[in-house]
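Colleague: This is the content of work.cif (mmCIF, C-alpha atoms):
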data_run
#
loop_
_atom_site.label_atom_id
_atom_site.label_comp_id
_atom_site.auth_asym_id
_atom_site.auth_seq_id
_atom_site.Cartn_x
_atom_site.Cartn_y
_atom_site.Cartn_z
CA MET M 1175 -43.73 -51.76 -50.03
CA SER M 1176 -43.60 -54.60 -52.56
CA VAL M 1177 -42.15 -58.02 -51.73
CA PHE M 1178 -39.31 -57.30 -54.19
CA ARG M 1179 -38.35 -54.08 -52.38
CA ILE M 1180 -38.45 -55.81 -49.00
CA LEU M 1181 -36.17 -58.57 -50.27
CA PHE M 1182 -33.83 -56.02 -51.84
CA PHE M 1183 -33.58 -54.17 -48.52
CA LEU M 1184 -32.87 -57.35 -46.56
CA VAL M 1185 -30.31 -58.72 -49.00
CA PHE M 1186 -28.44 -55.59 -50.03
CA THR M 1187 -29.16 -52.65 -47.74
CA LEU M 1188 -28.92 -54.23 -44.29
CA PRO M 1189 -25.40 -55.67 -44.83
CA VAL M 1190 -24.19 -52.24 -45.96
CA LEU M 1191 -25.69 -50.57 -42.91
CA ALA M 1192 -24.04 -53.17 -40.67
CA GLN M 1193 -20.67 -52.48 -42.29
CA ASP M 1194 -21.06 -48.76 -41.55
CA LEU M 1195 -21.45 -49.31 -37.81
CA PRO M 1196 -18.61 -48.03 -35.62
CA ARG M 1197 -16.30 -50.60 -34.06
CA PHE M 1198 -18.05 -52.70 -31.41
CA GLU M 1199 -21.39 -50.91 -31.90
CA SER M 1200 -23.17 -54.27 -32.14
CA GLU M 1201 -21.73 -55.36 -28.78
CA ILE M 1202 -22.79 -52.13 -27.12
CA ARG M 1203 -26.29 -52.49 -28.53
CA ALA M 1204 -26.37 -56.03 -27.16
CA PHE M 1205 -25.61 -54.65 -23.68
CA GLU M 1206 -28.43 -52.14 -24.04
CA ALA M 1207 -30.84 -54.83 -25.19
CA ALA M 1208 -29.84 -57.05 -22.26
CA ASP M 1209 -30.50 -54.18 -19.84
CA LYS M 1210 -34.07 -53.95 -21.12
CA THR M 1211 -34.59 -57.66 -20.54
CA THR M 1212 -32.80 -57.95 -17.19
CA ARG M 1213 -32.39 -54.85 -15.08
CA PRO M 1214 -28.72 -54.38 -14.13
CA PRO M 1215 -27.85 -54.17 -10.43
CA ARG M 1216 -28.16 -50.79 -8.75
CA ARG M 1217 -24.81 -49.07 -8.12
CA PRO M 1218 -22.66 -52.03 -9.16
CA ILE M 1219 -18.91 -52.35 -9.22
CA LEU M 1220 -18.52 -51.91 -12.96
CA PHE M 1221 -15.79 -53.83 -14.77
CA THR M 1222 -15.04 -52.58 -18.27
CA GLY M 1223 -12.30 -52.59 -20.89
CA SER M 1224 -10.98 -55.13 -23.35
CA SER M 1225 -11.21 -58.90 -23.77
CA SER M 1226 -9.43 -59.67 -20.49
CA ILE M 1227 -12.56 -58.29 -18.84
CA ARG M 1228 -15.03 -59.56 -21.44
CA LEU M 1229 -13.77 -63.14 -21.09
CA TRP M 1230 -14.03 -63.07 -17.29
CA ASP M 1231 -17.37 -64.84 -17.61
CA ASN M 1232 -17.67 -66.09 -14.04
CA LEU M 1233 -16.58 -62.78 -12.55
CA ALA M 1234 -19.06 -62.84 -9.67
CA SER M 1235 -17.74 -66.16 -8.35
CA TYR M 1236 -14.37 -64.53 -7.62
CA PHE M 1237 -15.92 -61.75 -5.54
CA PRO M 1238 -18.79 -63.21 -3.51
CA GLY M 1239 -21.06 -60.72 -1.84
CA LYS M 1240 -20.28 -57.95 -4.36
CA LYS M 1241 -22.75 -56.50 -6.86
CA LEU M 1242 -20.85 -56.64 -10.15
CA LEU M 1243 -21.51 -55.74 -13.75
CA ASN M 1244 -19.24 -56.84 -16.61
CA ARG M 1245 -19.12 -54.45 -19.54
CA GLY M 1246 -15.91 -55.55 -21.21
CA PHE M 1247 -16.15 -55.69 -24.99
CA GLY M 1248 -14.23 -57.05 -27.94
CA GLY M 1249 -10.56 -56.33 -28.38
CA SER M 1250 -11.28 -52.76 -27.41
CA GLU M 1251 -8.75 -49.96 -27.06
CA LEU M 1252 -8.94 -47.03 -24.67
CA SER M 1253 -10.25 -44.94 -27.56
CA ASP M 1254 -13.21 -47.33 -27.83
CA VAL M 1255 -13.96 -47.10 -24.11
CA ILE M 1256 -13.90 -43.32 -24.45
CA ARG M 1257 -16.32 -43.49 -27.40
CA TYR M 1258 -18.80 -45.63 -25.51
CA ALA M 1259 -18.37 -44.27 -21.98
CA ASP M 1260 -21.77 -42.60 -22.09
CA ARG M 1261 -23.36 -45.96 -22.80
CA ILE M 1262 -21.33 -48.54 -20.85
CA ILE M 1263 -20.18 -46.60 -17.79
CA ILE M 1264 -22.13 -43.42 -17.03
CA PRO M 1265 -25.73 -44.76 -17.16
CA TYR M 1266 -25.08 -47.40 -14.49
CA LYS M 1267 -24.02 -44.85 -11.83
CA PRO M 1268 -21.52 -47.41 -10.54
CA LYS M 1269 -20.32 -47.62 -6.98
CA GLN M 1270 -16.81 -48.22 -8.32
CA ILE M 1271 -15.18 -48.58 -11.73
CA VAL M 1272 -12.57 -51.22 -12.58
CA LEU M 1273 -10.81 -50.77 -15.92
CA TYR M 1274 -8.46 -52.95 -17.91
CA ALA M 1275 -7.48 -51.35 -21.20
CA GLY M 1276 -4.47 -50.04 -23.07
CA GLU M 1277 -2.83 -53.28 -24.12
CA ASN M 1278 -4.57 -53.34 -27.48
CA ASP M 1279 -3.70 -49.69 -28.10
CA ILE M 1280 0.01 -50.46 -27.81
CA ALA M 1281 -0.28 -53.73 -29.74
CA THR M 1282 -1.39 -51.85 -32.85
CA GLY M 1283 2.25 -50.79 -33.17
CA LYS M 1284 1.03 -47.24 -33.82
CA VAL M 1285 0.35 -46.04 -30.28
CA SER M 1286 3.20 -45.37 -27.86
CA GLY M 1287 3.18 -45.89 -24.12
CA HIS M 1288 2.88 -42.14 -23.63
CA GLN M 1289 -0.04 -41.88 -26.05
CA THR M 1290 -1.73 -44.76 -24.25
CA TYR M 1291 -1.32 -42.85 -21.00
CA GLU M 1292 -2.83 -39.74 -22.61
CA ARG M 1293 -5.82 -41.74 -23.77
CA PHE M 1294 -6.28 -43.05 -20.25
CA VAL M 1295 -6.17 -39.54 -18.79
CA THR M 1296 -8.79 -38.40 -21.31
CA LEU M 1297 -11.10 -41.24 -20.26
CA PHE M 1298 -10.47 -40.77 -16.55
CA ARG M 1299 -11.13 -37.03 -16.63
CA TYR M 1300 -14.30 -37.48 -18.65
CA VAL M 1301 -15.69 -40.14 -16.32
CA ARG M 1302 -14.64 -38.23 -13.21
CA LYS M 1303 -16.44 -35.14 -14.53
CA ARG M 1304 -19.63 -37.09 -15.18
CA LEU M 1305 -19.37 -39.23 -12.04
CA PRO M 1306 -17.58 -37.08 -9.44
CA GLY M 1307 -16.04 -38.99 -6.57
CA VAL M 1308 -16.70 -42.49 -7.90
CA PRO M 1309 -13.70 -44.67 -6.97
CA PHE M 1310 -11.63 -45.73 -9.99
CA VAL M 1311 -9.38 -48.78 -10.25
CA PHE M 1312 -6.94 -49.36 -13.09
CA ILE M 1313 -5.51 -52.84 -13.59
CA SER M 1314 -2.00 -52.48 -14.97
CA ILE M 1315 -1.36 -53.65 -18.51
CA LYS M 1316 -0.38 -57.29 -18.24
CA PRO M 1317 2.86 -58.82 -19.60
CA SER M 1318 1.37 -61.04 -22.32
CA PRO M 1319 4.00 -63.45 -23.74
CA SER M 1320 2.74 -62.95 -27.31
CA ARG M 1321 3.36 -59.22 -27.01
CA ARG M 1322 6.75 -59.19 -25.33
CA GLN M 1323 8.09 -56.93 -28.10
CA TYR M 1324 5.98 -54.11 -26.65
CA ARG M 1325 7.22 -54.45 -23.09
CA ALA M 1326 9.04 -51.10 -23.05
CA GLN M 1327 5.87 -49.30 -24.17
CA VAL M 1328 3.75 -51.25 -21.69
CA ASP M 1329 6.12 -50.39 -18.85
CA GLU M 1330 6.05 -46.71 -19.83
CA ALA M 1331 2.25 -46.59 -19.96
CA ASN M 1332 1.95 -48.36 -16.60
CA ARG M 1333 4.50 -46.06 -14.97
CA LEU M 1334 2.81 -42.88 -16.23
CA ILE M 1335 -0.70 -44.05 -15.33
CA LYS M 1336 0.46 -45.07 -11.85
CA GLN M 1337 2.04 -41.66 -11.31
CA PHE M 1338 -1.08 -39.88 -12.53
CA LEU M 1339 -3.45 -41.85 -10.31
CA ALA M 1340 -1.24 -41.26 -7.28
CA GLY M 1341 -2.23 -37.61 -7.54
CA GLN M 1342 -5.98 -38.31 -7.79
CA SER M 1343 -8.47 -39.02 -5.03
CA LYS M 1344 -10.26 -42.35 -4.61
CA THR M 1345 -8.13 -44.25 -7.12
CA ASN M 1346 -6.12 -47.46 -7.13
CA PHE M 1347 -3.45 -48.71 -9.50
CA VAL M 1348 -3.40 -52.49 -9.18
CA ASP M 1349 -0.03 -53.70 -10.43
CA ILE M 1350 -0.51 -57.28 -11.56
CA GLY M 1351 2.88 -57.46 -13.31
CA PRO M 1352 4.90 -58.79 -10.35
CA VAL M 1353 2.56 -61.73 -9.66
CA MET M 1354 2.50 -62.69 -13.34
CA ARG M 1355 6.28 -62.84 -13.72
CA GLN M 1356 8.95 -65.27 -12.57
CA PRO M 1357 11.87 -64.03 -10.42
CA ASN M 1358 13.92 -63.66 -13.62
CA GLY M 1359 11.34 -61.24 -15.03
CA GLN M 1360 9.89 -63.64 -17.59
CA THR M 1361 6.12 -63.95 -17.77
CA ILE M 1362 4.62 -67.13 -16.30
CA GLY M 1363 3.31 -68.87 -19.41
CA ALA M 1364 1.06 -71.22 -17.41
CA LEU M 1365 -1.26 -68.29 -16.66
CA PHE M 1366 -2.25 -67.98 -20.31
CA LYS M 1367 -4.26 -69.89 -22.88
CA SER M 1368 -2.57 -71.38 -25.93
CA ASP M 1369 -2.60 -68.00 -27.71
CA SER M 1370 -0.23 -66.59 -25.04
CA LEU M 1371 -2.48 -63.53 -24.89
CA HIS M 1372 -5.69 -64.34 -23.05
CA MET M 1373 -5.55 -65.67 -19.51
CA ASN M 1374 -6.80 -68.97 -18.20
CA GLU M 1375 -8.35 -69.56 -14.79
CA LYS M 1376 -4.96 -69.47 -13.05
CA GLY M 1377 -4.40 -65.96 -14.34
CA TYR M 1378 -7.79 -64.76 -13.18
CA VAL M 1379 -7.23 -66.27 -9.74
CA LEU M 1380 -4.16 -64.04 -9.38
CA TRP M 1381 -6.03 -60.99 -10.65
CA ALA M 1382 -8.86 -61.57 -8.19
CA ARG M 1383 -6.41 -61.92 -5.30
CA GLU M 1384 -4.85 -58.56 -6.15
CA LEU M 1385 -8.20 -56.83 -6.69
CA ARG M 1386 -10.09 -58.00 -3.59
CA PRO M 1387 -8.40 -55.58 -1.16
CA VAL M 1388 -9.40 -52.52 -3.23
CA LEU M 1389 -13.00 -53.39 -4.11
CA ARG M 1390 -15.63 -51.44 -2.19
#
Written as structure tokens, that's how I'd like the structure from this file.

Modeller:
Amino acid sequence: MSVFRILFFLVFTLPVLAQDLPRFESEIRAFEAADKTTRPPRRPILFTGSSSIRLWDNLASYFPGKKLLNRGFGGSELSDVIRYADRIIIPYKPKQIVLYAGENDIATGKVSGHQTYERFVTLFRYVRKRLPGVPFVFISIKPSPSRRQYRAQVDEANRLIKQFLAGQSKTNFVDIGPVMRQPNGQTIGALFKSDSLHMNEKGYVLWARELRPVLR
């Protein structure tokens, strides 16, 4: 191949190929590359879902003595977790799965609370089929101040998912809503960063407190 053709490929073809990648494909590939460099723990408690998991950088410090693996990615929706389940959940043969997802689905303004619930059920049933008996924890969709207009849909999704999991074995629905709200029902703004969407350390401290009793 001539130098000209190589340069043409690098300048024009590679950017096009990158644009054709599915959402978050580059992040998933980064996980796979990291696994080749550093072997992930055997049978970890696997945390996955959207940015509230991805940004929990110091996850292990909140749960000392636990083998954890963080596979949260981007501003993912449940549909994205479904798409990549065979690459970010199944291969690790986790001891337990902890999921936070659904908030971004609703925040598109195109997905209802009931549709979010249906997406969750699709993911749960797929994972449960591939990993029978693995305990599954769902963290309820949080009451982000910047998304208060979606509260009715969030409440519906949480209610339906809670009801569904109550009928399944080895599952937990961790309702973090009550600890993130004031007595008047308003969200505690001090738990969030300046964007009123992503949590700060105070928010994660509350999440960890609610999660510890259910982690295996």

Colleague: Could you tell me which of M:Gly1341, M:Pro1214, M:Pro1306, M:Gly1239 comes closest to Tyr1266 (chain M) if we count only C-alpha atoms?

Modeller: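 So, comparing all the options, the nearest one is M:Pro1214.
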
Colleague: Quick one: which residues end up in the PyMOL selection byres ((chain M and resi 1265) around 12) for this structure, as a VMD selection string?

Modeller: chain M and resid 1205 to 1206 1209 1214 to 1218 1220 1245 1258 to 1264 1266 to 1269 1301 1304 to 1305

Colleague: Could you please determine the separation between CA of Leu1385 (chain M) and CA of Leu1242 (chain M) in Å, to one decimal place?

Modeller: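 If I compute the distance from CA of Leu1385 (chain M) to CA of Leu1242 (chain M), I get 13.1 Å.
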
Colleague: Find the residues near region 1324-1326 of chain M: any atom within 12 Å, counting all atoms listed in the file, skip ones fewer than 6 places away on the same chain, and give them as a list in words.

Modeller: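 The contact residues come out as Gly1276, Glu1277, Asn1278, Asp1279, Ile1280, Ala1281, Thr1282, Gly1283, Lys1284, Val1285, Ser1286, Gly1287, His1288, Ile1315, Lys1316, Pro1317, Ser1318, Asn1332, Arg1333, Gly1351, Gly1359, Gln1360 and Thr1361 of chain M.
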
Colleague: Can you pull out the residues contacting Phe1298 (chain M)? Cut-off 12 Å, using all atoms listed in the file, and skip same-chain residues under 2 positions away; I want them as a count of residues only.

Modeller: 36

Colleague: For Pro1196 (chain M), which of M:Arg1257, M:Gln1356, M:Gly1249, M:Arg1213 is the closest residue, counting only C-alpha atoms?

Modeller: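 The closest residue to Pro1196 (chain M) is M:Arg1257.
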
Colleague: Need the shell around region 1368-1383 of chain M: protein/DNA/RNA residues with any atom at most 8 Å away, counting all atoms listed in the file. Skip same-chain ones fewer than 2 positions apart. Format as a list in words?

Modeller: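 The filter keeps Ser1225, Ser1226, Trp1230, Tyr1236, Phe1237, Ser1318, Pro1319, Ser1320, Arg1321, Ile1350, Val1353, Met1354, Gly1363, Ala1364, Leu1365, Phe1366, Leu1385, Arg1386 and Pro1387 of chain M.
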
Colleague: Go ahead and compute the interatomic distance for CA of Asp1231 (chain M) and CA of Val1388 (chain M), in Å to one decimal.

Modeller: 20.5 Å

Colleague: Suppose you want the space between CA of Arg1390 (chain M) and CA of Asn1346 (chain M); what is it in Å?

Modeller: 11.4 Å

Colleague: My list of candidates is M:Ile1313, M:Val1328, M:Asn1232, M:Phe1247. Which is closest to Val1348 (chain M) when distances are computed with all atoms listed in the file?

Modeller: M:Ile1313

Colleague: Working from the structure I just supplied, which lacks atoms in region 1289-1315 of chain M, can you model N, CA, C and O atoms there and output them as a JSON list (two decimals), in the coordinates of the input?

Modeller:
[["chain", "number", "residue", "atom", "x", "y", "z"],
["M", 1289, "GLN", "N", 1.27, -42.14, -25.45],
["M", 1289, "GLN", "CA", -0.04, -41.88, -26.05],
["M", 1289, "GLN", "C", -1.12, -42.71, -25.38],
["M", 1289, "GLN", "O", -2.26, -42.24, -25.22],
["M", 1290, "THR", "N", -0.78, -43.92, -24.98],
["M", 1290, "THR", "CA", -1.73, -44.76, -24.25],
["M", 1290, "THR", "C", -2.09, -44.11, -22.92],
["M", 1290, "THR", "O", -3.27, -44.06, -22.52],
["M", 1291, "TYR", "N", -1.10, -43.59, -22.24],
["M", 1291, "TYR", "CA", -1.32, -42.85, -21.00],
["M", 1291, "TYR", "C", -2.23, -41.65, -21.24],
["M", 1291, "TYR", "O", -3.17, -41.40, -20.46],
["M", 1292, "GLU", "N", -1.99, -40.91, -22.31],
["M", 1292, "GLU", "CA", -2.83, -39.74, -22.61],
["M", 1292, "GLU", "C", -4.28, -40.14, -22.87],
["M", 1292, "GLU", "O", -5.21, -39.43, -22.46],
["M", 1293, "ARG", "N", -4.46, -41.26, -23.55],
["M", 1293, "ARG", "CA", -5.82, -41.74, -23.77],
["M", 1293, "ARG", "C", -6.49, -42.09, -22.44],
["M", 1293, "ARG", "O", -7.68, -41.80, -22.23],
["M", 1294, "PHE", "N", -5.72, -42.71, -21.56],
["M", 1294, "PHE", "CA", -6.28, -43.05, -20.25],
["M", 1294, "PHE", "C", -6.70, -41.79, -19.50],
["M", 1294, "PHE", "O", -7.79, -41.74, -18.91],
["M", 1295, "VAL", "N", -5.85, -40.78, -19.50],
["M", 1295, "VAL", "CA", -6.17, -39.54, -18.79],
["M", 1295, "VAL", "C", -7.43, -38.90, -19.36],
["M", 1295, "VAL", "O", -8.29, -38.40, -18.61],
["M", 1296, "THR", "N", -7.58, -38.93, -20.68],
["M", 1296, "THR", "CA", -8.79, -38.40, -21.31],
["M", 1296, "THR", "C", -10.03, -39.13, -20.79],
["M", 1296, "THR", "O", -11.04, -38.50, -20.43],
["M", 1297, "LEU", "N", -9.96, -40.45, -20.76],
["M", 1297, "LEU", "CA", -11.10, -41.24, -20.26],
["M", 1297, "LEU", "C", -11.36, -40.95, -18.79],
["M", 1297, "LEU", "O", -12.50, -40.71, -18.38],
["M", 1298, "PHE", "N", -10.31, -40.98, -17.99],
["M", 1298, "PHE", "CA", -10.47, -40.77, -16.55],
["M", 1298, "PHE", "C", -11.12, -39.42, -16.26],
["M", 1298, "PHE", "O", -12.06, -39.32, -15.47],
["M", 1299, "ARG", "N", -10.61, -38.37, -16.89],
["M", 1299, "ARG", "CA", -11.13, -37.03, -16.63],
["M", 1299, "ARG", "C", -12.58, -36.89, -17.07],
["M", 1299, "ARG", "O", -13.39, -36.22, -16.41],
["M", 1300, "TYR", "N", -12.92, -37.54, -18.18],
["M", 1300, "TYR", "CA", -14.30, -37.48, -18.65],
["M", 1300, "TYR", "C", -15.23, -38.18, -17.66],
["M", 1300, "TYR", "O", -16.28, -37.63, -17.28],
["M", 1301, "VAL", "N", -14.85, -39.38, -17.25],
["M", 1301, "VAL", "CA", -15.69, -40.14, -16.32],
["M", 1301, "VAL", "C", -15.76, -39.43, -14.98],
["M", 1301, "VAL", "O", -16.85, -39.33, -14.37],
["M", 1302, "ARG", "N", -14.65, -38.91, -14.51],
["M", 1302, "ARG", "CA", -14.64, -38.23, -13.21],
["M", 1302, "ARG", "C", -15.51, -36.97, -13.24],
["M", 1302, "ARG", "O", -16.12, -36.59, -12.24],
["M", 1303, "LYS", "N", -15.57, -36.31, -14.40],
["M", 1303, "LYS", "CA", -16.44, -35.14, -14.53],
["M", 1303, "LYS", "C", -17.91, -35.54, -14.49],
["M", 1303, "LYS", "O", -18.74, -34.84, -13.89],
["M", 1304, "ARG", "N", -18.23, -36.65, -15.14],
["M", 1304, "ARG", "CA", -19.63, -37.09, -15.18],
["M", 1304, "ARG", "C", -20.05, -37.81, -13.91],
["M", 1304, "ARG", "O", -21.23, -37.79, -13.53],
["M", 1305, "LEU", "N", -19.09, -38.48, -13.26],
["M", 1305, "LEU", "CA", -19.37, -39.23, -12.04],
["M", 1305, "LEU", "C", -18.38, -38.80, -10.95],
["M", 1305, "LEU", "O", -17.47, -39.55, -10.58],
["M", 1306, "PRO", "N", -18.54, -37.59, -10.42],
["M", 1306, "PRO", "CA", -17.58, -37.08, -9.44],
["M", 1306, "PRO", "C", -17.47, -37.98, -8.20],
["M", 1306, "PRO", "O", -18.48, -38.41, -7.65],
["M", 1307, "GLY", "N", -16.26, -38.26, -7.81],
["M", 1307, "GLY", "CA", -16.04, -38.99, -6.57],
["M", 1307, "GLY", "C", -16.18, -40.49, -6.65],
["M", 1307, "GLY", "O", -15.93, -41.19, -5.66],
["M", 1308, "VAL", "N", -16.57, -41.04, -7.80],
["M", 1308, "VAL", "CA", -16.70, -42.49, -7.90],
["M", 1308, "VAL", "C", -15.30, -43.11, -7.91],
["M", 1308, "VAL", "O", -14.46, -42.74, -8.74],
["M", 1309, "PRO", "N", -15.02, -44.05, -7.03],
["M", 1309, "PRO", "CA", -13.70, -44.67, -6.97],
["M", 1309, "PRO", "C", -13.35, -45.35, -8.30],
["M", 1309, "PRO", "O", -14.20, -45.97, -8.94],
["M", 1310, "PHE", "N", -12.09, -45.25, -8.68],
["M", 1310, "PHE", "CA", -11.63, -45.73, -9.99],
["M", 1310, "PHE", "C", -10.41, -46.62, -9.79],
["M", 1310, "PHE", "O", -9.44, -46.22, -9.15],
["M", 1311, "VAL", "N", -10.48, -47.82, -10.34],
["M", 1311, "VAL", "CA", -9.38, -48.78, -10.25],
["M", 1311, "VAL", "C", -8.85, -49.08, -11.65],
["M", 1311, "VAL", "O", -9.64, -49.40, -12.55],
["M", 1312, "PHE", "N", -7.56, -48.96, -11.82],
["M", 1312, "PHE", "CA", -6.94, -49.36, -13.09],
["M", 1312, "PHE", "C", -6.08, -50.59, -12.86],
["M", 1312, "PHE", "O", -5.20, -50.58, -12.00],
["M", 1313, "ILE", "N", -6.35, -51.64, -13.63],
["M", 1313, "ILE", "CA", -5.51, -52.84, -13.59],
["M", 1313, "ILE", "C", -4.37, -52.63, -14.57],
["M", 1313, "ILE", "O", -4.61, -52.36, -15.75],
["M", 1314, "SER", "N", -3.15, -52.75, -14.11],
["M", 1314, "SER", "CA", -2.00, -52.48, -14.97],
["M", 1314, "SER", "C", -2.01, -53.38, -16.20],
["M", 1314, "SER", "O", -2.54, -54.50, -16.17],
["M", 1315, "ILE", "N", -1.43, -52.89, -17.27],
["M", 1315, "ILE", "CA", -1.36, -53.65, -18.51],
["M", 1315, "ILE", "C", -0.49, -54.88, -18.28],
["M", 1315, "ILE", "O", 0.64, -54.78, -17.82]]
